[in-house]
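Here is the file structure07.txt (compact mmCIF, C-alpha atoms).
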# COMPACT_ATOMS: atom_id res chain seq x y z
CA MET A 1 0.00 0.00 0.00
CA HIS A 2 2.85 2.35 0.82
CA THR A 3 4.18 4.31 -2.16
CA PRO A 4 7.47 6.06 -1.30
CA MET A 5 7.51 9.83 -1.19
CA SER A 6 10.41 11.88 -2.57
CA SER A 7 11.84 14.92 -0.81
CA SER A 8 9.85 17.30 -3.01
CA GLU A 9 6.85 16.50 -5.19
CA ASN A 10 4.28 18.23 -7.36
CA VAL A 11 0.76 16.82 -7.82
CA ASP A 12 -2.66 18.17 -8.65
CA VAL A 13 -4.23 17.36 -5.27
CA THR A 14 -2.83 16.48 -1.85
CA ILE A 15 -5.13 14.58 0.51
CA ILE A 16 -4.51 14.33 4.24
CA GLY A 17 -6.04 11.18 5.72
CA ALA A 18 -6.63 7.75 4.15
CA GLY A 19 -10.13 7.04 5.41
CA PHE A 20 -13.40 6.77 3.50
CA MET A 21 -13.46 10.47 2.68
CA GLY A 22 -9.85 10.84 1.64
CA LEU A 23 -9.68 7.67 -0.42
CA SER A 24 -13.04 8.18 -2.10
CA THR A 25 -11.92 11.67 -3.15
CA ALA A 26 -8.58 10.30 -4.34
CA LEU A 27 -10.12 7.46 -6.34
CA GLU A 28 -12.56 9.75 -8.12
CA LEU A 29 -9.79 12.25 -8.92
CA VAL A 30 -7.38 9.70 -10.37
CA ARG A 31 -10.22 8.34 -12.49
CA GLN A 32 -10.54 11.90 -13.84
CA GLY A 33 -6.84 11.89 -14.73
CA LYS A 34 -5.60 13.95 -11.78
CA SER A 35 -2.33 13.24 -9.98
CA VAL A 36 -2.97 12.66 -6.26
CA ARG A 37 -0.82 12.13 -3.18
CA VAL A 38 -2.55 10.76 -0.05
CA LEU A 39 -0.72 11.17 3.26
CA GLU A 40 -1.76 8.92 6.17
CA ALA A 41 -0.15 9.48 9.58
CA ASN A 42 -0.63 5.85 10.63
CA GLU A 43 -1.71 2.89 8.50
CA VAL A 44 -4.78 2.59 6.31
CA GLY A 45 -7.64 1.33 8.47
CA THR A 46 -6.25 2.29 11.88
CA GLY A 47 -8.69 5.20 12.21
CA ALA A 48 -12.47 5.22 12.42
CA SER A 49 -12.88 4.04 8.81
CA GLY A 50 -11.43 0.65 9.71
CA LEU A 51 -12.93 0.45 13.20
CA ASN A 52 -16.58 1.44 12.71
CA GLY A 53 -19.73 -0.68 12.85
CA GLY A 54 -19.86 -1.43 9.14
CA GLN A 55 -23.44 -0.19 8.78
CA VAL A 56 -24.07 1.55 5.46
CA ILE A 57 -27.03 3.80 6.32
CA PRO A 58 -28.52 6.41 3.98
CA GLY A 59 -30.20 9.53 5.28
CA LEU A 60 -29.18 12.04 7.93
CA LYS A 61 -30.00 12.46 11.60
CA TYR A 62 -32.87 14.72 10.52
CA ASP A 63 -35.95 13.72 8.55
CA PRO A 64 -36.75 15.24 5.12
CA ASP A 65 -39.49 17.61 6.27
CA TRP A 66 -37.22 19.14 8.92
CA LEU A 67 -34.44 19.71 6.39
CA ILE A 68 -36.79 21.57 4.05
CA GLU A 69 -38.24 23.65 6.87
CA TYR A 70 -34.81 24.57 8.25
CA PHE A 71 -32.79 25.03 5.06
CA GLY A 72 -35.52 25.96 2.57
CA PRO A 73 -36.76 23.98 -0.46
CA ALA A 74 -33.67 24.26 -2.67
CA ARG A 75 -30.97 23.40 -0.14
CA GLY A 76 -33.24 21.01 1.74
CA GLU A 77 -34.09 18.98 -1.36
CA ALA A 78 -30.40 18.88 -2.34
CA MET A 79 -29.55 17.43 1.07
CA ILE A 80 -32.37 14.89 0.84
CA ALA A 81 -31.31 13.75 -2.64
CA PHE A 82 -27.73 13.37 -1.46
CA ALA A 83 -28.71 11.55 1.73
CA GLN A 84 -30.84 9.12 -0.27
CA SER A 85 -27.87 8.24 -2.49
CA THR A 86 -25.12 7.58 0.04
CA ALA A 87 -25.57 3.82 0.42
CA ASP A 88 -25.69 3.48 -3.37
CA SER A 89 -22.32 5.25 -3.55
CA VAL A 90 -20.70 2.56 -1.41
CA PHE A 91 -22.16 -0.51 -3.08
CA ASP A 92 -21.77 0.92 -6.59
CA LEU A 93 -18.11 1.75 -5.90
CA ILE A 94 -17.44 -1.79 -4.64
CA ASP A 95 -19.00 -3.27 -7.77
CA ARG A 96 -17.44 -0.79 -10.20
CA GLU A 97 -13.92 -1.21 -8.83
CA HIS A 98 -14.30 -4.98 -8.26
CA LEU A 99 -13.30 -4.65 -4.62
CA SER A 100 -13.12 -7.81 -2.51
CA VAL A 101 -15.33 -6.62 0.37
CA PRO A 102 -17.68 -8.89 2.35
CA ARG A 103 -21.08 -7.25 2.12
CA VAL A 104 -24.81 -7.81 2.27
CA ARG A 105 -27.54 -5.36 1.36
CA ASN A 106 -30.68 -6.51 3.13
CA GLY A 107 -31.48 -3.27 4.93
CA TRP A 108 -31.15 -1.47 8.26
CA ILE A 109 -33.64 -1.59 11.12
CA GLN A 110 -34.22 1.31 13.47
CA ALA A 111 -35.71 -0.45 16.48
CA ALA A 112 -38.21 1.40 18.69
CA HIS A 113 -38.27 0.64 22.42
CA THR A 114 -40.97 3.21 23.37
CA GLU A 115 -44.27 4.38 21.92
CA ASN A 116 -42.80 7.81 21.19
CA ALA A 117 -39.94 6.22 19.26
CA LEU A 118 -42.41 4.12 17.29
CA LYS A 119 -44.45 7.21 16.37
CA ALA A 120 -41.27 8.95 15.21
CA ALA A 121 -40.46 5.93 13.04
CA GLN A 122 -43.92 6.09 11.49
CA ARG A 123 -43.48 9.79 10.67
CA ARG A 124 -40.07 9.09 9.15
CA ASP A 125 -41.54 6.26 7.11
CA GLY A 126 -44.21 8.50 5.63
CA GLN A 127 -41.74 11.18 4.64
CA TRP A 128 -39.35 8.79 2.90
CA ARG A 129 -42.10 6.74 1.26
CA ALA A 130 -43.43 9.97 -0.26
CA ARG A 131 -40.03 10.30 -1.94
CA GLY A 132 -40.07 6.76 -3.33
CA ALA A 133 -37.72 5.15 -0.80
CA ASP A 134 -37.90 1.40 -0.24
CA VAL A 135 -38.88 1.55 3.44
CA ARG A 136 -41.62 0.32 5.74
CA THR A 137 -42.63 0.25 9.40
CA LEU A 138 -42.48 -2.92 11.48
CA ASP A 139 -44.84 -4.08 14.20
CA ALA A 140 -43.71 -5.89 17.35
CA GLN A 141 -44.07 -9.35 15.81
CA GLU A 142 -42.17 -8.41 12.65
CA ILE A 143 -39.25 -6.82 14.47
CA GLU A 144 -38.92 -9.77 16.80
CA SER A 145 -38.89 -12.12 13.80
CA LEU A 146 -36.26 -10.04 11.95
CA THR A 147 -33.96 -9.37 14.90
CA GLY A 148 -34.62 -12.15 17.39
CA ALA A 149 -34.15 -9.49 20.07
CA ARG A 150 -36.25 -8.78 23.16
CA GLY A 151 -38.04 -5.61 24.16
CA TYR A 152 -38.94 -3.73 20.97
CA LEU A 153 -42.42 -2.38 20.21
CA GLY A 154 -41.77 -2.10 16.48
CA GLY A 155 -39.48 -0.17 14.20
CA TRP A 156 -38.55 0.92 10.73
CA LEU A 157 -36.87 -1.02 7.92
CA ASP A 158 -34.82 0.86 5.34
CA ARG A 159 -34.02 -1.56 2.52
CA ARG A 160 -31.58 0.90 0.89
CA ALA A 161 -29.03 0.14 3.62
CA GLY A 162 -26.63 -2.73 4.19
CA ILE A 163 -23.52 -4.03 5.89
CA ILE A 164 -19.89 -4.15 4.80
CA ASP A 165 -16.59 -5.16 6.37
CA PRO A 166 -15.26 -1.61 6.90
CA LEU A 167 -11.59 -2.56 7.22
CA ALA A 168 -11.76 -4.53 3.97
CA PHE A 169 -13.50 -1.61 2.26
CA VAL A 170 -10.98 1.05 3.25
CA SER A 171 -8.02 -1.26 2.52
CA GLN A 172 -9.39 -2.28 -0.86
CA MET A 173 -10.17 1.32 -1.75
CA ALA A 174 -6.57 2.32 -0.97
CA ALA A 175 -5.32 -0.49 -3.20
CA ALA A 176 -7.65 0.69 -5.97
CA VAL A 177 -6.25 4.23 -5.71
CA VAL A 178 -2.71 2.89 -6.14
CA ARG A 179 -3.70 0.62 -9.05
CA ALA A 180 -5.27 3.62 -10.78
CA GLY A 181 -2.06 5.62 -10.45
CA GLY A 182 -2.58 7.49 -7.17
CA LEU A 183 0.09 7.71 -4.49
CA VAL A 184 -0.74 6.57 -0.94
CA THR A 185 1.88 7.05 1.74
CA GLU A 186 1.37 5.53 5.18
CA ARG A 187 3.14 6.34 8.46
CA THR A 188 3.85 9.89 7.23
CA LYS A 189 2.28 12.74 9.16
CA ALA A 190 1.46 16.01 7.45
CA LEU A 191 2.91 18.72 9.70
CA SER A 192 1.84 22.01 8.14
CA VAL A 193 0.39 23.64 5.05
CA ARG A 194 1.24 27.05 3.64
CA ARG A 195 -0.16 29.03 0.76
CA GLU A 196 2.20 29.82 -2.10
CA ALA A 197 1.71 31.40 -5.51
CA GLY A 198 -0.71 29.24 -7.45
CA GLY A 199 -1.18 26.58 -4.79
CA TRP A 200 -0.25 24.99 -1.50
CA THR A 201 2.80 23.28 -0.02
CA VAL A 202 2.30 20.55 2.57
CA GLN A 203 5.29 19.85 4.80
CA ALA A 204 5.50 16.24 5.97
CA GLU A 205 7.67 14.27 8.33
CA GLY A 206 11.22 13.54 7.29
CA GLY A 207 11.75 16.92 5.66
CA ARG A 208 9.56 15.96 2.69
CA SER A 209 7.06 18.24 1.00
CA VAL A 210 4.40 18.10 -1.68
CA ARG A 211 3.07 21.01 -3.69
CA SER A 212 -0.40 21.04 -5.23
CA ARG A 213 -3.18 23.32 -6.34
CA PHE A 214 -5.69 21.75 -3.92
CA VAL A 215 -5.41 20.24 -0.44
CA VAL A 216 -8.22 18.11 1.02
CA VAL A 217 -8.03 17.57 4.78
CA ALA A 218 -9.94 14.37 5.55
CA THR A 219 -9.00 13.81 9.19
CA ASN A 220 -12.44 14.22 10.83
CA ALA A 221 -12.27 13.02 14.47
CA TYR A 222 -8.48 12.86 14.29
CA SER A 223 -8.12 16.51 13.30
CA ASP A 224 -5.41 18.56 15.00
CA ASP A 225 -3.98 22.05 14.44
CA PHE A 226 -3.10 21.38 10.79
CA VAL A 227 -6.07 23.58 9.87
CA PRO A 228 -6.30 26.28 12.58
CA GLY A 229 -9.44 25.98 14.68
CA LEU A 230 -10.80 22.85 12.96
CA ALA A 231 -10.28 20.49 15.90
CA ARG A 232 -12.24 22.86 18.14
CA THR A 233 -15.34 22.64 15.92
CA ILE A 234 -15.99 19.01 16.91
CA VAL A 235 -16.25 16.92 20.05
CA PRO A 236 -14.40 13.62 19.58
CA LEU A 237 -16.11 10.61 21.15
CA HIS A 238 -15.20 6.96 21.40
CA SER A 239 -17.34 4.22 19.92
CA PHE A 240 -16.69 0.84 21.53
CA GLN A 241 -17.50 -2.54 19.99
CA ILE A 242 -17.47 -6.20 20.91
CA ALA A 243 -17.73 -9.34 18.78
CA THR A 244 -18.60 -12.85 19.92
CA GLU A 245 -17.13 -16.07 18.71
CA PRO A 246 -19.10 -17.36 15.69
CA LEU A 247 -22.63 -18.14 16.84
CA PRO A 248 -23.75 -21.79 16.88
CA ASP A 249 -26.16 -22.85 14.16
CA ARG A 250 -29.22 -22.72 16.42
CA LEU A 251 -28.54 -19.05 17.24
CA GLN A 252 -27.68 -18.17 13.65
CA LYS A 253 -31.27 -19.07 12.77
CA ILE A 254 -32.74 -16.89 15.54
CA ILE A 255 -30.45 -13.83 15.68
CA LEU A 256 -30.74 -11.53 12.66
CA PRO A 257 -31.66 -14.36 10.27
CA GLY A 258 -32.09 -11.86 7.40
CA GLU A 259 -28.71 -10.22 8.13
CA GLN A 260 -30.01 -6.69 8.56
CA ALA A 261 -28.11 -4.09 10.55
CA VAL A 262 -29.87 -2.68 13.63
CA SER A 263 -29.67 0.52 15.67
CA ASP A 264 -32.05 1.13 18.55
CA SER A 265 -33.91 4.27 19.61
CA ARG A 266 -32.28 4.84 22.98
CA ARG A 267 -30.62 8.15 23.76
CA ILE A 268 -27.34 6.27 24.10
CA LEU A 269 -28.07 3.79 21.39
CA VAL A 270 -26.52 0.44 20.65
CA TYR A 271 -26.06 -0.89 17.13
CA TYR A 272 -25.42 -4.43 16.00
CA ARG A 273 -25.07 -6.80 13.07
CA LYS A 274 -23.72 -10.22 12.18
CA SER A 275 -20.31 -10.42 10.58
CA ALA A 276 -19.55 -12.40 7.45
CA ASP A 277 -18.22 -15.26 9.60
CA GLY A 278 -21.33 -15.36 11.81
CA ARG A 279 -20.26 -13.35 14.87
CA LEU A 280 -22.65 -11.03 16.67
CA VAL A 281 -21.03 -7.57 16.63
CA LEU A 282 -22.46 -4.90 18.94
CA GLY A 283 -21.30 -1.34 19.56
CA GLY A 284 -22.18 1.82 21.42
CA ARG A 285 -20.80 4.89 23.08
CA GLY A 286 -17.81 4.24 25.33
CA ARG A 287 -15.91 6.23 27.93
CA MET A 288 -14.47 9.58 26.88
CA ALA A 289 -10.93 8.50 27.69
CA GLU A 290 -9.23 5.54 26.04
CA PRO A 291 -10.09 2.18 27.64
CA LYS A 292 -7.87 0.79 30.38
CA SER A 293 -9.22 -2.75 30.75
CA GLN A 294 -11.85 -5.17 29.50
CA ALA A 295 -14.21 -3.74 32.14
CA ASP A 296 -14.65 -0.67 29.92
CA TRP A 297 -16.66 -2.83 27.50
CA LYS A 298 -18.93 -4.36 30.18
CA HIS A 299 -21.83 -2.02 29.36
CA LEU A 300 -21.93 -3.51 25.87
CA GLU A 301 -21.89 -7.05 27.20
CA ARG A 302 -24.85 -6.18 29.43
CA ALA A 303 -26.70 -4.70 26.45
CA MET A 304 -26.01 -7.83 24.41
CA ARG A 305 -27.39 -10.08 27.15
CA ARG A 306 -30.45 -7.83 27.55
CA LEU A 307 -31.26 -8.18 23.87
CA TYR A 308 -30.15 -11.79 23.49
CA PRO A 309 -30.06 -13.72 26.80
CA GLU A 310 -29.19 -16.88 24.88
CA VAL A 311 -25.75 -15.55 23.89
CA ALA A 312 -24.61 -15.44 27.54
CA GLY A 313 -22.61 -18.63 27.00
CA VAL A 314 -20.93 -17.45 23.79
CA PRO A 315 -17.50 -15.97 24.55
CA ILE A 316 -16.58 -12.41 23.57
CA ALA A 317 -13.70 -12.85 21.14
CA ARG A 318 -12.78 -9.24 20.28
CA ARG A 319 -13.03 -5.77 21.79
CA TRP A 320 -12.05 -2.54 20.04
CA PHE A 321 -12.83 1.15 19.81
CA GLY A 322 -12.53 4.06 17.41
CA ARG A 323 -12.88 7.82 17.56
CA VAL A 324 -15.87 9.60 16.01
CA ALA A 325 -16.66 13.30 15.63
CA MET A 326 -19.79 15.06 16.82
CA THR A 327 -20.79 18.52 15.63
CA PRO A 328 -23.16 20.68 17.72
CA ASP A 329 -25.92 20.60 15.09
CA HIS A 330 -25.43 16.92 14.18
CA LEU A 331 -24.72 17.75 10.53
CA PRO A 332 -21.52 17.50 8.47
CA HIS A 333 -19.61 20.77 8.18
CA ILE A 334 -17.80 21.62 4.94
CA HIS A 335 -15.14 24.34 5.12
CA GLU A 336 -12.95 26.10 2.58
CA PRO A 337 -11.05 28.61 4.74
CA GLU A 338 -8.99 29.66 1.72
CA PRO A 339 -9.44 28.83 -1.97
CA GLY A 340 -8.16 25.33 -2.66
CA LEU A 341 -8.02 24.22 1.01
CA LEU A 342 -11.00 21.95 1.67
CA THR A 343 -12.18 19.92 4.63
CA VAL A 344 -15.28 18.28 6.12
CA VAL A 345 -15.97 17.01 9.65
CA GLY A 346 -18.88 15.30 11.37
CA CYS A 347 -20.16 11.87 10.28
CA GLN A 348 -22.88 11.59 12.96
CA GLY A 349 -22.98 7.78 12.79
CA ARG A 350 -23.38 7.56 9.03
CA GLY A 351 -19.78 7.88 7.97
CA VAL A 352 -19.49 4.82 5.71
CA GLY A 353 -22.00 6.06 3.16
CA MET A 354 -21.81 9.78 3.82
CA MET A 355 -18.04 10.20 3.61
CA THR A 356 -17.73 7.90 0.60
CA ALA A 357 -20.37 9.93 -1.25
CA LEU A 358 -18.93 13.26 -0.08
CA GLY A 359 -15.52 12.29 -1.42
CA GLN A 360 -17.03 11.87 -4.86
CA ARG A 361 -18.71 15.29 -4.57
CA PHE A 362 -15.44 16.90 -3.43
CA ALA A 363 -13.70 15.48 -6.50
CA CYS A 364 -16.44 16.95 -8.70
CA TYR A 365 -16.06 20.34 -7.00
CA ILE A 366 -12.30 20.29 -7.55
CA GLU A 367 -12.85 19.44 -11.21
CA THR A 368 -15.57 22.01 -11.93
CA GLY A 369 -15.37 24.70 -9.25
CA ASP A 370 -19.15 24.48 -8.96
CA ARG A 371 -20.18 24.67 -5.30
CA THR A 372 -23.70 23.51 -6.08
CA VAL A 373 -22.39 19.93 -6.34
CA LEU A 374 -21.71 20.06 -2.58
CA PRO A 375 -24.83 18.94 -0.71
CA PHE A 376 -24.11 20.97 2.42
CA PRO A 377 -23.31 24.68 2.67
CA VAL A 378 -19.67 25.73 2.83
CA THR A 379 -19.33 27.50 6.17
CA ALA A 380 -16.69 29.34 8.15
CA ILE A 381 -14.68 27.46 10.78
CA LEU A 382 -16.34 28.44 14.07
CA PRO A 383 -14.75 26.80 17.12
CA ILE A 384 -17.17 25.67 19.82
CA PRO A 385 -17.19 28.19 22.69
CA PHE A 386 -15.40 26.88 25.79
CA HIS A 387 -14.35 23.85 23.78
CA ALA A 388 -11.99 22.64 26.50
CA PHE A 389 -14.99 22.13 28.79
CA ARG A 390 -17.29 20.67 26.14
CA GLN A 391 -16.13 17.07 26.58
CA VAL A 392 -16.78 17.30 30.32
CA GLY A 393 -20.31 18.43 29.54
CA VAL A 394 -20.80 15.69 26.98
CA ALA A 395 -19.58 13.06 29.45
CA ALA A 396 -22.11 14.31 32.02
CA MET A 397 -24.85 14.31 29.37
CA ILE A 398 -24.02 10.71 28.39
CA ALA A 399 -24.21 9.59 32.03
CA TRP A 400 -27.59 11.33 32.42
CA TYR A 401 -28.93 9.81 29.20
CA ARG A 402 -27.81 6.34 30.30
CA LEU A 403 -29.82 6.80 33.50
CA LEU A 404 -32.91 7.94 31.58
CA ASP A 405 -32.59 4.97 29.20
CA ALA A 406 -32.34 2.60 32.15
CA LEU A 407 -35.51 4.05 33.71
CA GLU A 408 -37.50 4.22 30.49
CA LYS A 409 -39.91 1.43 29.74

Could I get this structure in the form of structure tokens?
Amino acid sequence: MHTPMSSSENVDVTIIGAGFMGLSTALELVRQGKSVRVLEANEVGTGASGLNGGQVIPGLKYDPDWLIEYFGPARGEAMIAFAQSTADSVFDLIDREHLSVPRVRNGWIQAAHTENALKAAQRRDGQWRARGADVRTLDAQEIESLTGARGYLGGWLDRRAGIIDPLAFVSQMAAAVVRAGGLVTERTKALSVRREAGGWTVQAEGGRSVRSRFVVVATNAYSDDFVPGLARTIVPLHSFQIATEPLPDRLQKIILPGEQAVSDSRRILVYYRKSADGRLVLGGRGRMAEPKSQADWKHLERAMRRLYPEVAGVPIARRWFGRVAMTPDHLPHIHEPEPGLLTVVGCQGRGVGMMTALGQRFACYIETGDRTVLPFPVTAILPIPFHAFRQVGVAAMIAWYRLLDALEK
């Protein structure tokens, strides 16, 4: 994967970060005939793109009617059209590039554990059905049959969605970029960027530099001071996950027999799926600091046993975590602080589809200069006030929400 970097290079576009966003942008650009250098501080797949839940979910956190009311008809409809296409972007890219990625596209279930959550699912269903989406609501019997889980009153099935192996996807996408003529350099941190006549120069570790007309910063939750103020526009959180040993045949037939992905309606939600080799994989919000022991995953084991008491005897084989980025308004933020310097942060739990699709839109913007191809407005970088205290507040909010979820019936 690693393509050596010379002491001084010139390319059309430099991309910082080899996750879904960076590699999708790179792949689209090299297919357009652009020369591209991707710089990854670690190894491909060591960030959130290789460590996420593998759920390919279209849509945004907000429903279509809200987007139109808040942003107006033109911008709102553009966001809705983009949101509806994000899962297609992933599965179409896998097929088009012949990537070897375990995948299944049988839908995503949003599971409702209260009457209010079920009513919200019904409203969401009506709004998306009016736009031709392949969705439907589920009653209590249907959701129990599809998930095998306990405690849900119903839910919502979005057949546009699916599941992939995220590490395979990001690794295969990086290989496709290299095969197409792009340059991907791992274990090389970008240290600084400065504007020069006609373009930008990125200074990297080892005294190396690369000059280009455009720079795309695709670091999301791992953003630092490379772009001034960017890291203070997000609150980084940790998403923890566990995976069982492969389930025995009797449980394979009960637990997610149709291989849908599931997220529940709790304030601090859990999400789960079956892996290609038959493991039950479940994730949710973890502690704000990095984990210190296996005890930091116990809340997920309790959630798994609550949903599926029969898995109590199946050992937990793997535990891992990744960093995700939250924005205050729960929407992606696109920034271009100076012409030719582009970035986006904030996946909000839909990073697989959203960032893959956004990368393709970024490539189109670089090619055409037409901002209307970007589904979200380009905004100024506005650091969160009292950012240093924001994580403390978020940690307190998470603890409070966990208590409310525990009390809610």

Using all atoms listed in the file, find each residue in stretch 159-226 of chain A having at least one atom no more than 6 Å away from stretch 16-27 of chain A; report its shortest atom-to-atom pair and that distance in Å (one decimal), rows by chain then rising number, as a Markdown table.
| residue | atom | partner | partner_atom | distance |
| --- | --- | --- | --- | --- |
| A:Val177 | CA | A:Leu27 | CA | 5.1 |
| A:Val217 | CA | A:Ile16 | CA | 4.8 |
| A:Ala218 | CA | A:Gly17 | CA | 5.0 |
| A:Thr219 | CA | A:Gly17 | CA | 5.3 |

Legend entry - Non-local contacts of A:Ala295 (12 Å; all atoms listed in the file; under 3 positions in same chain excluded) as number ranges by chain: A: 240, 242, 286-287, 291-292, 298-302, 319

Inset, instruction - Kindly indicate which residue among A:Gly258, A:Gly313, A:Gly351, A:Gly284 lies nearest to A:Ala325, using only C-alpha atoms for the distances. - result: A:Gly351

Legend entry - Separation of atom CA of A:Ala312 from atom CA of A:Ala111, in Å and rounded to one decimal: 21.7 Å

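Across the model, the gap from atom CA of A:Val210 to atom CA of A:Ser6 is 8.7 Å.
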
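Note that atom CA of A:Val56 and atom CA of A:Glu144 are 21.8 Å apart.
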